[in-house]
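run-v4.tsv (TSV, C-alpha atoms and all ligand atoms)
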chain	number	residue	atom	x	y	z
A	1	MET	CA	0.00	0.00	0.00
A	2	THR	CA	1.22	3.52	-0.80
A	3	PRO	CA	1.17	5.56	2.37
A	4	GLY	CA	-0.64	8.89	2.46
A	5	ARG	CA	0.49	11.94	4.37
A	6	LEU	CA	1.04	11.27	8.05
A	7	ARG	CA	-0.44	13.90	10.37
A	8	LEU	CA	1.49	15.13	13.39
A	9	GLY	CA	-0.51	15.92	16.51
A	10	VAL	CA	1.57	17.72	19.11
A	11	ASN	CA	0.78	17.03	22.75
A	12	ILE	CA	1.35	20.27	24.68
A	13	ASP	CA	0.67	18.90	28.19
A	14	HIS	CA	4.20	19.43	29.40
A	15	VAL	CA	4.22	23.12	28.63
A	16	ALA	CA	1.48	23.25	31.25
A	17	THR	CA	3.57	21.01	33.56
A	18	ILE	CA	6.31	23.67	33.56
A	19	ARG	CA	3.78	26.47	34.02
A	20	ASN	CA	2.18	24.70	36.98
A	21	ALA	CA	5.56	24.20	38.67
A	22	ARG	CA	5.40	27.86	39.68
A	23	GLY	CA	1.65	28.28	39.81
A	24	GLY	CA	1.57	31.25	37.42
A	25	ASP	CA	0.63	31.55	33.78
A	26	HIS	CA	4.00	31.15	32.07
A	27	PRO	CA	4.78	29.26	29.85
A	28	ASP	CA	1.31	29.27	28.38
A	29	PRO	CA	0.26	26.11	26.47
A	30	VAL	CA	-1.81	28.37	24.21
A	31	ARG	CA	1.36	29.99	22.92
A	32	ALA	CA	2.72	26.50	22.22
A	33	ALA	CA	-0.45	25.68	20.26
A	34	GLU	CA	0.00	28.84	18.19
A	35	ILE	CA	3.60	27.89	17.36
A	36	VAL	CA	2.55	24.35	16.42
A	37	ALA	CA	-0.10	25.80	14.08
A	38	MET	CA	2.43	28.14	12.51
A	39	CYS	CA	5.10	25.54	11.81
A	40	GLY	CA	3.19	22.70	10.26
A	41	GLY	CA	1.65	20.67	13.08
A	42	ASP	CA	-1.69	19.16	12.11
A	43	GLY	CA	-3.38	19.04	15.48
A	44	ILE	CA	-3.11	19.79	19.17
A	45	THR	CA	-3.41	17.03	21.72
A	46	ALA	CA	-4.07	17.73	25.40
A	47	HIS	CA	-4.85	15.39	28.28
A	48	LEU	CA	-7.10	16.76	30.99
A	49	ARG	CA	-6.17	14.43	33.82
A	50	GLU	CA	-8.33	13.83	36.85
A	51	ASP	CA	-5.69	15.50	39.08
A	52	ARG	CA	-5.20	18.44	36.62
A	53	ARG	CA	-1.44	18.03	36.95
A	54	HIS	CA	-0.83	19.77	33.61
A	55	ILE	CA	-3.72	20.91	31.38
A	56	ARG	CA	-6.54	22.56	33.33
A	57	ASP	CA	-10.19	23.08	32.49
A	58	ALA	CA	-9.73	26.74	31.61
A	59	ASP	CA	-6.98	25.85	29.11
A	60	LEU	CA	-9.30	23.87	26.86
A	61	ALA	CA	-11.44	26.70	25.51
A	62	ARG	CA	-8.38	28.93	25.19
A	63	ILE	CA	-6.51	26.27	23.18
A	64	GLN	CA	-9.56	25.74	20.96
A	65	ALA	CA	-9.93	29.46	20.34
A	66	ALA	CA	-6.23	30.07	19.67
A	67	THR	CA	-5.78	28.17	16.41
A	68	GLY	CA	-7.82	26.54	13.69
A	69	LEU	CA	-6.16	23.20	14.41
A	70	PRO	CA	-8.28	20.29	15.56
A	71	LEU	CA	-8.08	19.52	19.29
A	72	ASN	CA	-7.67	15.91	20.30
A	73	LEU	CA	-8.76	15.71	23.94
A	74	GLU	CA	-7.29	12.76	25.82
A	75	MET	CA	-9.63	11.71	28.59
A	76	ALA	CA	-10.31	8.95	31.07
A	77	ALA	CA	-13.61	7.14	30.71
A	78	THR	CA	-15.37	8.93	33.55
A	79	GLU	CA	-18.68	10.81	33.74
A	80	GLU	CA	-16.82	13.98	34.69
A	81	MET	CA	-14.62	13.88	31.57
A	82	LEU	CA	-17.52	12.89	29.34
A	83	GLU	CA	-19.44	15.93	30.50
A	84	ILE	CA	-16.42	18.19	29.85
A	85	ALA	CA	-15.92	16.73	26.38
A	86	LEU	CA	-19.58	17.20	25.50
A	87	ARG	CA	-19.39	20.82	26.65
A	88	HIS	CA	-16.17	21.66	24.75
A	89	LYS	CA	-16.84	19.55	21.67
A	90	PRO	CA	-13.23	18.90	20.65
A	91	HIS	CA	-12.64	17.50	17.17
A	92	ALA	CA	-11.63	14.19	18.73
A	93	ALA	CA	-11.68	12.49	22.11
A	94	CYS	CA	-9.08	9.84	22.78
A	95	ILE	CA	-10.14	7.60	25.65
A	96	VAL	CA	-7.13	6.60	27.72
A	97	PRO	CA	-6.72	4.54	30.88
A	98	GLU	CA	-5.76	6.67	33.85
A	99	ARG	CA	-4.36	5.81	37.23
A	100	ARG	CA	-3.78	8.59	39.70
A	101	GLU	CA	-0.32	7.38	40.77
A	102	GLU	CA	1.11	6.80	37.30
A	103	ARG	CA	3.70	9.20	35.89
A	104	THR	CA	2.25	8.98	32.39
A	105	THR	CA	-0.32	6.82	30.58
A	106	GLU	CA	1.40	3.52	31.16
A	107	GLY	CA	-0.63	0.96	29.28
A	108	GLY	CA	-3.41	0.74	26.75
A	109	LEU	CA	-7.11	0.92	27.50
A	110	ASP	CA	-8.71	-2.47	28.19
A	111	ALA	CA	-11.42	-1.89	25.62
A	112	ALA	CA	-12.11	-5.62	25.50
A	113	GLY	CA	-12.66	-5.96	29.26
A	114	GLN	CA	-14.71	-2.77	29.66
A	115	HIS	CA	-17.15	-3.01	26.76
A	116	ASN	CA	-20.32	-2.39	28.78
A	117	ARG	CA	-18.94	0.65	30.54
A	118	LEU	CA	-17.36	2.16	27.41
A	119	TYR	CA	-20.18	1.54	24.94
A	120	PRO	CA	-22.62	4.25	26.14
A	121	MET	CA	-19.76	6.72	26.52
A	122	VAL	CA	-18.48	6.12	22.98
A	123	GLN	CA	-22.01	6.48	21.62
A	124	ARG	CA	-22.64	9.76	23.43
A	125	LEU	CA	-19.38	11.21	22.09
A	126	LEU	CA	-20.17	10.03	18.56
A	127	ASP	CA	-23.70	11.44	18.81
A	128	ALA	CA	-22.12	14.81	19.63
A	129	ASP	CA	-20.00	14.58	16.45
A	130	ILE	CA	-16.80	14.02	18.39
A	131	ARG	CA	-14.44	11.59	16.70
A	132	VAL	CA	-13.71	8.83	19.20
A	133	SER	CA	-10.31	7.26	19.44
A	134	LEU	CA	-9.31	4.46	21.82
A	135	PHE	CA	-5.73	4.33	23.08
A	136	ILE	CA	-5.01	0.60	22.96
A	137	ALA	CA	-2.13	-1.84	22.92
A	138	PRO	CA	-1.41	-3.27	19.45
A	139	ASP	CA	-3.41	-6.41	20.16
A	140	VAL	CA	-6.06	-8.29	18.14
A	141	ARG	CA	-8.47	-8.47	21.11
A	142	GLN	CA	-8.37	-4.73	21.54
A	143	ILE	CA	-8.93	-4.04	17.82
A	144	ASP	CA	-11.91	-6.43	17.92
A	145	ALA	CA	-13.22	-4.57	20.95
A	146	ALA	CA	-12.81	-1.21	19.20
A	147	LEU	CA	-14.84	-2.58	16.29
A	148	ARG	CA	-17.61	-3.77	18.60
A	149	LEU	CA	-17.62	-0.36	20.30
A	150	GLY	CA	-17.99	1.40	16.94
A	151	ALA	CA	-14.86	3.56	17.45
A	152	PRO	CA	-13.78	5.18	14.16
A	153	VAL	CA	-10.16	5.56	15.35
A	154	VAL	CA	-7.66	3.63	17.46
A	155	GLU	CA	-4.38	5.03	18.70
A	156	LEU	CA	-1.83	2.24	19.03
A	157	HIS	CA	0.34	2.58	22.14
A	158	THR	CA	3.99	2.77	21.06
A	159	GLY	CA	5.37	2.81	24.62
A	160	GLU	CA	6.55	-0.82	24.56
A	161	TYR	CA	8.21	-0.22	21.18
A	162	ALA	CA	9.89	2.93	22.48
A	163	HIS	CA	11.28	1.21	25.57
A	164	ALA	CA	12.45	-1.97	23.84
A	165	THR	CA	15.74	-2.51	22.00
A	166	GLY	CA	17.07	-4.94	19.38
A	167	GLU	CA	14.93	-7.98	18.56
A	168	ALA	CA	12.26	-7.05	21.07
A	169	GLN	CA	11.83	-3.67	19.42
A	170	LEU	CA	11.56	-5.27	15.98
A	171	ALA	CA	8.93	-7.66	17.30
A	172	GLU	CA	6.96	-4.74	18.73
A	173	LEU	CA	7.27	-2.87	15.43
A	174	ALA	CA	5.86	-5.94	13.65
A	175	ARG	CA	2.90	-5.96	16.07
A	176	LEU	CA	2.26	-2.27	15.41
A	177	THR	CA	2.45	-2.88	11.64
A	178	ASP	CA	0.07	-5.86	11.76
A	179	MET	CA	-2.44	-4.14	14.01
A	180	ALA	CA	-2.43	-0.92	11.96
A	181	ALA	CA	-3.19	-3.04	8.88
A	182	LEU	CA	-5.90	-5.00	10.71
A	183	ALA	CA	-7.56	-1.80	11.93
A	184	ALA	CA	-7.46	-0.22	8.46
A	185	ARG	CA	-8.88	-3.38	6.83
A	186	ASN	CA	-11.81	-3.12	9.22
A	187	GLY	CA	-12.48	0.54	8.48
A	188	ILE	CA	-10.84	1.91	11.64
A	189	GLU	CA	-8.31	4.73	11.17
A	190	PRO	CA	-5.11	3.80	13.02
A	191	HIS	CA	-3.01	6.41	14.83
A	192	ALA	CA	-0.01	5.82	17.10
A	193	GLY	CA	1.84	7.54	19.87
A	194	HIS	CA	3.72	7.53	23.17
A	195	GLY	CA	7.45	7.69	23.76
A	196	LEU	CA	8.33	8.68	20.18
A	197	THR	CA	11.60	10.56	19.60
A	198	TYR	CA	13.81	11.63	16.68
A	199	ASP	CA	15.66	8.32	17.08
A	200	ASN	CA	12.72	5.93	17.04
A	201	VAL	CA	10.00	7.71	15.04
A	202	GLN	CA	10.94	6.66	11.52
A	203	PRO	CA	10.14	2.93	11.56
A	204	VAL	CA	6.71	3.80	13.02
A	205	ALA	CA	6.17	6.65	10.54
A	206	GLY	CA	6.89	4.16	7.77
A	207	ILE	CA	3.86	2.02	8.68
A	208	ALA	CA	1.70	2.75	5.64
A	209	GLU	CA	-1.74	2.52	7.25
A	210	LEU	CA	-1.03	4.97	10.05
A	211	ALA	CA	-2.76	8.33	9.55
A	212	GLU	CA	-1.48	10.27	12.58
A	213	LEU	CA	1.22	10.29	15.25
A	214	ASN	CA	0.75	12.07	18.56
A	215	ILE	CA	4.01	13.19	20.13
A	216	GLY	CA	4.54	15.28	23.24
A	217	HIS	CA	7.16	14.83	25.93
A	218	TYR	CA	10.17	14.54	23.65
A	219	LEU	CA	9.20	17.57	21.55
A	220	ILE	CA	8.65	19.77	24.59
A	221	GLY	CA	11.97	18.55	26.03
A	222	GLU	CA	13.77	19.35	22.78
A	223	ALA	CA	12.06	22.73	22.68
A	224	VAL	CA	14.01	23.68	25.82
A	225	PHE	CA	17.21	23.45	23.76
A	226	VAL	CA	16.22	24.39	20.22
A	227	GLY	CA	12.79	26.02	20.48
A	228	LEU	CA	9.43	24.44	19.76
A	229	GLU	CA	9.31	25.44	16.12
A	230	THR	CA	12.68	23.85	15.32
A	231	ALA	CA	11.72	20.70	17.24
A	232	VAL	CA	8.37	20.30	15.44
A	233	VAL	CA	9.88	21.03	12.02
A	234	ARG	CA	12.62	18.44	12.62
A	235	MET	CA	10.09	15.79	13.69
A	236	ARG	CA	7.94	16.59	10.64
A	237	GLU	CA	10.99	16.21	8.35
A	238	LEU	CA	11.86	12.82	9.85
A	239	MET	CA	8.27	11.62	9.46
A	240	ASP	CA	8.05	12.84	5.86
A	241	ALA	CA	11.41	11.24	4.98
A	242	ALA	CA	10.27	7.90	6.42
A	243	ARG	CA	7.04	8.16	4.44
A	244	ARG	CA	8.93	8.96	1.21
A	245	SER	CA	11.24	6.01	1.62
A	246	HIS	CA	8.15	3.81	2.00
A	247	GLY	CA	6.73	4.96	-1.33
A	248	ALA	CA	4.64	8.07	-0.65
A	249	GLY	CA	5.00	10.99	-3.04
A	301	LIG	N1	-0.94	9.59	22.82
A	301	LIG	C1	-1.57	9.36	23.99
A	301	LIG	C2	-2.91	8.72	23.97
A	301	LIG	C3	-0.98	9.76	25.21
A	301	LIG	O1	-1.61	9.54	26.37
A	301	LIG	C4	0.27	10.42	25.17
A	301	LIG	C5	0.89	10.89	26.44
A	301	LIG	O2	0.05	11.78	27.09
A	301	LIG	C6	0.86	10.64	23.93
A	301	LIG	C7	0.26	10.20	22.76
A	301	LIG	C8	2.17	11.36	23.80
A	301	LIG	O3	3.17	10.60	24.42
A	301	LIG	P1	4.60	11.27	24.63
A	301	LIG	O4	4.37	12.44	25.53
A	301	LIG	O5	5.39	10.19	25.27
A	301	LIG	O6	5.10	11.68	23.29
As C-alpha cells, please, write out the structure in this file.
Ligand code: PXP
Amino acid sequence: MTPGRLRLGVNIDHVATIRNARGGDHPDPVRAAEIVAMCGGDGITAHLREDRRHIRDADLARIQAATGLPLNLEMAATEEMLEIALRHKPHAACIVPERREERTTEGGLDAAGQHNRLYPMVQRLLDADIRVSLFIAPDVRQIDAALRLGAPVVELHTGEYAHATGEAQLAELARLTDMAALAARNGIEPHAGHGLTYDNVQPVAGIAELAELNIGHYLIGEAVFVGLETAVVRMRELMDAARRSHGAG
C-alpha cells in the first residue's frame, strides 16, 4: 500500500507542567499551540487528567480558540470527563486509561474488558459529532473490541516499542504494523503515539496505514534546547522522509 500523508498531533501537556511548577501563567500552552499551528503541526493534543497536573479546564477553551487546528482531547472514561468533552466539543476524544499514581499513561485501554462501561460513553461522544479514538495496545483483542464499540479511530500505544531494543523492538514494530493493517482493513483509522523521539519515530512513521502520530514529551523537552518550532519542524521532516522512503509521493 502507498502511504498517504502522516499527520502530526503535538501534545502540549508538558508546557502546562512547567507552568504549573510555579503556579503562574508562564509558559502558556496556548502559545505553544500557536507555534505548532504556525510551523506545520496538524493538530493539538491535550490530556485533561483527573488530578489536573498539567492541562486545566480553563486551558481547553483557550486552546480551541487560539488556532484553527483540531483539538484531540485525551480523557479517562469517567462521567466527569464525558461531561467536559460534550461541553467543549473537541474535534476528537481519545479515551485513555488513567491511574492517579502513574507518571504517564502507562498501558493501553482495556477496551475488551470494559465493553459495557465504554459503549454508552463512545455512543454519546459520537452522537455529539466528536471523533472517538481508543488508546489501545497493538493487540487483536483490543482491535476487535474497538470494532464492537464502533470507534472510528484507534491510537496504538507505542510505549513498549519505544522502551524496547534490538529484537524485542523489531517484534513490537511488527505488532504495530500488523495491528495498523488490521484496523485499516476493518475501516478503523489507526493512529499511534507515546514515547516517540527523533531516534525511534521513523520505523513507526513508515507504517503505511497509520494516519497520525501524537508526540509530546520529547518535543517539549527538545524545545528547551532548540525552540518548539525547530523541534516540530525536525520531527515533521523525519516523518516525511520515512514516508517517502516507503513509497509516498
Ligand atoms: N498519545 C496518547 C494517547 C498519550 O496519552 C500520550 C501521552 O500523554 C501521547 C500520545 C504522547 O506521548 P509522549 O508524551 O510520550 O510523546
Compute the set of protein, DNA and RNA residues whose minimum atom distance to ligand LIG 301 (chain A) is at most 7 Å, using only C-alpha atoms and all ligand atoms, and state it as a CSV table (one decimal) with C-alpha atoms, in the coordinates of the input.
chain,number,residue,atom,x,y,z
A,11,ASN,CA,0.8,17.0,22.8
A,47,HIS,CA,-4.8,15.4,28.3
A,74,GLU,CA,-7.3,12.8,25.8
A,94,CYS,CA,-9.1,9.8,22.8
A,96,VAL,CA,-7.1,6.6,27.7
A,104,THR,CA,2.2,9.0,32.4
A,105,THR,CA,-0.3,6.8,30.6
A,135,PHE,CA,-5.7,4.3,23.1
A,155,GLU,CA,-4.4,5.0,18.7
A,192,ALA,CA,0.0,5.8,17.1
A,193,GLY,CA,1.8,7.5,19.9
A,194,HIS,CA,3.7,7.5,23.2
A,195,GLY,CA,7.4,7.7,23.8
A,196,LEU,CA,8.3,8.7,20.2
A,214,ASN,CA,0.8,12.1,18.6
A,215,ILE,CA,4.0,13.2,20.1
A,216,GLY,CA,4.5,15.3,23.2
A,217,HIS,CA,7.2,14.8,25.9
A,218,TYR,CA,10.2,14.5,23.6
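In this structure, atom CA of A:Arg62 sits 17.9 Å away from atom CA of A:Glu83.
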Distance table requested - stretch 144-197 of chain A against stretch 108-128 of chain A, cut-off 12 Å, all atoms listed in the file: one row per qualifying residue with the closest atom pair and its distance in Å to one decimal, ordered by chain and rising residue number, as JSON lines.
{"residue": "A:Asp144", "atom": "CA", "partner": "A:Ala112", "partner_atom": "CA", "distance": 7.6}
{"residue": "A:Ala145", "atom": "CA", "partner": "A:Ala112", "partner_atom": "CA", "distance": 4.8}
{"residue": "A:Ala146", "atom": "CA", "partner": "A:Ala111", "partner_atom": "CA", "distance": 6.6}
{"residue": "A:Leu147", "atom": "CA", "partner": "A:Ala111", "partner_atom": "CA", "distance": 10.0}
{"residue": "A:Arg148", "atom": "CA", "partner": "A:His115", "partner_atom": "CA", "distance": 8.2}
{"residue": "A:Leu149", "atom": "CA", "partner": "A:Tyr119", "partner_atom": "CA", "distance": 5.6}
{"residue": "A:Gly150", "atom": "CA", "partner": "A:Val122", "partner_atom": "CA", "distance": 7.7}
{"residue": "A:Ala151", "atom": "CA", "partner": "A:Val122", "partner_atom": "CA", "distance": 7.1}
{"residue": "A:Pro152", "atom": "CA", "partner": "A:Leu126", "partner_atom": "CA", "distance": 9.1}
{"residue": "A:Val153", "atom": "CA", "partner": "A:Val122", "partner_atom": "CA", "distance": 11.3}
{"residue": "A:Val154", "atom": "CA", "partner": "A:Leu109", "partner_atom": "CA", "distance": 10.4}
{"residue": "A:Glu155", "atom": "CA", "partner": "A:Gly108", "partner_atom": "CA", "distance": 9.2}
{"residue": "A:Leu156", "atom": "CA", "partner": "A:Gly108", "partner_atom": "CA", "distance": 8.0}
{"residue": "A:His157", "atom": "CA", "partner": "A:Gly108", "partner_atom": "CA", "distance": 6.2}
{"residue": "A:Thr158", "atom": "CA", "partner": "A:Gly108", "partner_atom": "CA", "distance": 9.6}
{"residue": "A:Gly159", "atom": "CA", "partner": "A:Gly108", "partner_atom": "CA", "distance": 9.3}
{"residue": "A:Glu160", "atom": "CA", "partner": "A:Gly108", "partner_atom": "CA", "distance": 10.3}
{"residue": "A:Ala192", "atom": "CA", "partner": "A:Gly108", "partner_atom": "CA", "distance": 11.4}
{"residue": "A:Gly193", "atom": "CA", "partner": "A:Gly108", "partner_atom": "CA", "distance": 11.0}
{"residue": "A:His194", "atom": "CA", "partner": "A:Gly108", "partner_atom": "CA", "distance": 10.5}
Can you check which parts of stretch 185-246 of chain A lie within 12 Å of stretch 16-32 of chain A? Per residue, the shortest pair of atoms and distance in Å to one decimal, counting only C-alpha atoms, sorted by chain and number, as CSV.
residue,atom,partner,partner_atom,distance
A:Gly216,CA,A:Ala32,CA,11.4
A:His217,CA,A:Thr17,CA,10.5
A:Leu219,CA,A:Ala32,CA,11.1
A:Ile220,CA,A:Ala32,CA,9.3
A:Gly221,CA,A:Ile18,CA,10.7
A:Ala223,CA,A:Ala32,CA,10.1
A:Val224,CA,A:Ile18,CA,10.9
A:Gly227,CA,A:Ala32,CA,10.2
A:Leu228,CA,A:Ala32,CA,7.4
A:Glu229,CA,A:Ala32,CA,9.0
A:Ala231,CA,A:Ala32,CA,11.8
A:Val232,CA,A:Ala32,CA,10.8
For A:Glu98, which residue out of A:Ala76, A:Val15, A:Met81, A:Ile55 is the nearest one, using all atoms listed in the file? A:Ala76
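Taking all atoms listed in the file, the non-local environment of A:Gln64 within 12 Å (same-chain residues fewer than 3 positions away omitted) comprises A:Pro29, A:Val30, A:Arg31, A:Ala33, A:Glu34, A:Ala37, A:Gly43, A:Ile44, A:Thr45, A:Ala46, A:Asp57, A:Ala58, A:Asp59, A:Leu60, A:Ala61, A:Thr67, A:Gly68, A:Leu69, A:Pro70, A:Leu71, A:Asn72, A:Leu73, A:His88, A:Lys89, A:Pro90, A:His91, A:Ala92.
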Can you list, as a ChimeraX atom specification, every protein, DNA or RNA residue that comes within 12 Å of A:Gln202 when you count only C-alpha atoms, leaving out same-chain residues fewer than 3 positions away? /A:6,162,173,196-199,205-208,213,234-246
re atom CA of A:Thr177 and atom CA of A:Val204: distance 8.0 Å
If I only have part of stretch 206-216 of chain A, can you fill in all heavy atoms and write it as a PDB file, in the frame of the given file?
ATOM      1  N   GLY A 206       6.904   4.908   9.026  1.00  0.00           N
ATOM      2  CA  GLY A 206       6.890   4.160   7.770  1.00  0.00           C
ATOM      3  C   GLY A 206       5.742   3.161   7.668  1.00  0.00           C
ATOM      4  O   GLY A 206       5.539   2.559   6.606  1.00  0.00           O
ATOM      5  N   ILE A 207       4.988   2.960   8.738  1.00  0.00           N
ATOM      6  CA  ILE A 207       3.860   2.020   8.680  1.00  0.00           C
ATOM      7  C   ILE A 207       2.748   2.668   7.835  1.00  0.00           C
ATOM      8  O   ILE A 207       2.158   3.676   8.232  1.00  0.00           O
ATOM      9  CB  ILE A 207       3.343   1.663  10.091  1.00  0.00           C
ATOM     10  CG1 ILE A 207       4.451   0.966  10.900  1.00  0.00           C
ATOM     11  CG2 ILE A 207       2.095   0.787  10.005  1.00  0.00           C
ATOM     12  CD1 ILE A 207       4.110   0.701  12.363  1.00  0.00           C
ATOM     13  N   ALA A 208       2.502   2.077   6.666  1.00  0.00           N
ATOM     14  CA  ALA A 208       1.700   2.750   5.640  1.00  0.00           C
ATOM     15  C   ALA A 208       0.295   3.121   6.092  1.00  0.00           C
ATOM     16  O   ALA A 208      -0.230   4.169   5.729  1.00  0.00           O
ATOM     17  CB  ALA A 208       1.616   1.854   4.404  1.00  0.00           C
ATOM     18  N   GLU A 209      -0.331   2.271   6.899  1.00  0.00           N
ATOM     19  CA  GLU A 209      -1.740   2.520   7.250  1.00  0.00           C
ATOM     20  C   GLU A 209      -1.918   3.607   8.289  1.00  0.00           C
ATOM     21  O   GLU A 209      -3.032   4.110   8.474  1.00  0.00           O
ATOM     22  CB  GLU A 209      -2.392   1.229   7.776  1.00  0.00           C
ATOM     23  CG  GLU A 209      -2.633   0.174   6.709  1.00  0.00           C
ATOM     24  CD  GLU A 209      -1.387  -0.648   6.416  1.00  0.00           C
ATOM     25  OE1 GLU A 209      -0.330  -0.386   7.051  1.00  0.00           O
ATOM     26  OE2 GLU A 209      -1.471  -1.527   5.551  1.00  0.00           O
ATOM     27  N   LEU A 210      -0.862   3.962   9.003  1.00  0.00           N
ATOM     28  CA  LEU A 210      -1.030   4.970  10.050  1.00  0.00           C
ATOM     29  C   LEU A 210      -1.375   6.322   9.437  1.00  0.00           C
ATOM     30  O   LEU A 210      -0.778   6.747   8.448  1.00  0.00           O
ATOM     31  CB  LEU A 210       0.240   5.102  10.898  1.00  0.00           C
ATOM     32  CG  LEU A 210       0.537   3.945  11.855  1.00  0.00           C
ATOM     33  CD1 LEU A 210       1.852   4.204  12.590  1.00  0.00           C
ATOM     34  CD2 LEU A 210      -0.601   3.729  12.859  1.00  0.00           C
ATOM     35  N   ALA A 211      -2.326   7.024  10.058  1.00  0.00           N
ATOM     36  CA  ALA A 211      -2.760   8.330   9.550  1.00  0.00           C
ATOM     37  C   ALA A 211      -2.233   9.471  10.419  1.00  0.00           C
ATOM     38  O   ALA A 211      -2.184  10.611   9.961  1.00  0.00           O
ATOM     39  CB  ALA A 211      -4.275   8.386   9.495  1.00  0.00           C
ATOM     40  N   GLU A 212      -1.852   9.174  11.659  1.00  0.00           N
ATOM     41  CA  GLU A 212      -1.480  10.270  12.580  1.00  0.00           C
ATOM     42  C   GLU A 212      -0.577   9.744  13.683  1.00  0.00           C
ATOM     43  O   GLU A 212      -0.769   8.640  14.183  1.00  0.00           O
ATOM     44  CB  GLU A 212      -2.778  10.833  13.193  1.00  0.00           C
ATOM     45  CG  GLU A 212      -2.573  11.946  14.191  1.00  0.00           C
ATOM     46  CD  GLU A 212      -3.916  12.549  14.645  1.00  0.00           C
ATOM     47  OE1 GLU A 212      -4.744  12.907  13.773  1.00  0.00           O
ATOM     48  OE2 GLU A 212      -4.138  12.642  15.861  1.00  0.00           O
ATOM     49  N   LEU A 213       0.407  10.559  14.045  1.00  0.00           N
ATOM     50  CA  LEU A 213       1.220  10.290  15.250  1.00  0.00           C
ATOM     51  C   LEU A 213       0.960  11.407  16.241  1.00  0.00           C
ATOM     52  O   LEU A 213       0.870  12.576  15.851  1.00  0.00           O
ATOM     53  CB  LEU A 213       2.716  10.248  14.911  1.00  0.00           C
ATOM     54  CG  LEU A 213       3.193   9.200  13.903  1.00  0.00           C
ATOM     55  CD1 LEU A 213       4.716   9.272  13.761  1.00  0.00           C
ATOM     56  CD2 LEU A 213       2.765   7.791  14.316  1.00  0.00           C
ATOM     57  N   ASN A 214       0.871  11.069  17.513  1.00  0.00           N
ATOM     58  CA  ASN A 214       0.750  12.070  18.560  1.00  0.00           C
ATOM     59  C   ASN A 214       2.006  12.022  19.422  1.00  0.00           C
ATOM     60  O   ASN A 214       2.331  10.977  19.994  1.00  0.00           O
ATOM     61  CB  ASN A 214      -0.506  11.824  19.400  1.00  0.00           C
ATOM     62  CG  ASN A 214      -1.729  12.298  18.652  1.00  0.00           C
ATOM     63  OD1 ASN A 214      -1.845  13.491  18.338  1.00  0.00           O
ATOM     64  ND2 ASN A 214      -2.619  11.378  18.318  1.00  0.00           N
ATOM     65  N   ILE A 215       2.692  13.153  19.476  1.00  0.00           N
ATOM     66  CA  ILE A 215       4.010  13.190  20.130  1.00  0.00           C
ATOM     67  C   ILE A 215       4.046  14.409  21.058  1.00  0.00           C
ATOM     68  O   ILE A 215       3.668  15.513  20.665  1.00  0.00           O
ATOM     69  CB  ILE A 215       5.141  13.282  19.078  1.00  0.00           C
ATOM     70  CG1 ILE A 215       4.983  12.175  18.024  1.00  0.00           C
ATOM     71  CG2 ILE A 215       6.502  13.211  19.758  1.00  0.00           C
ATOM     72  CD1 ILE A 215       6.059  12.133  16.953  1.00  0.00           C
ATOM     73  N   GLY A 216       4.527  14.187  22.286  1.00  0.00           N
ATOM     74  CA  GLY A 216       4.540  15.280  23.240  1.00  0.00           C
ATOM     75  C   GLY A 216       5.835  15.465  23.993  1.00  0.00           C
ATOM     76  O   GLY A 216       6.621  16.373  23.708  1.00  0.00           O
TER      77      GLY A 216
END
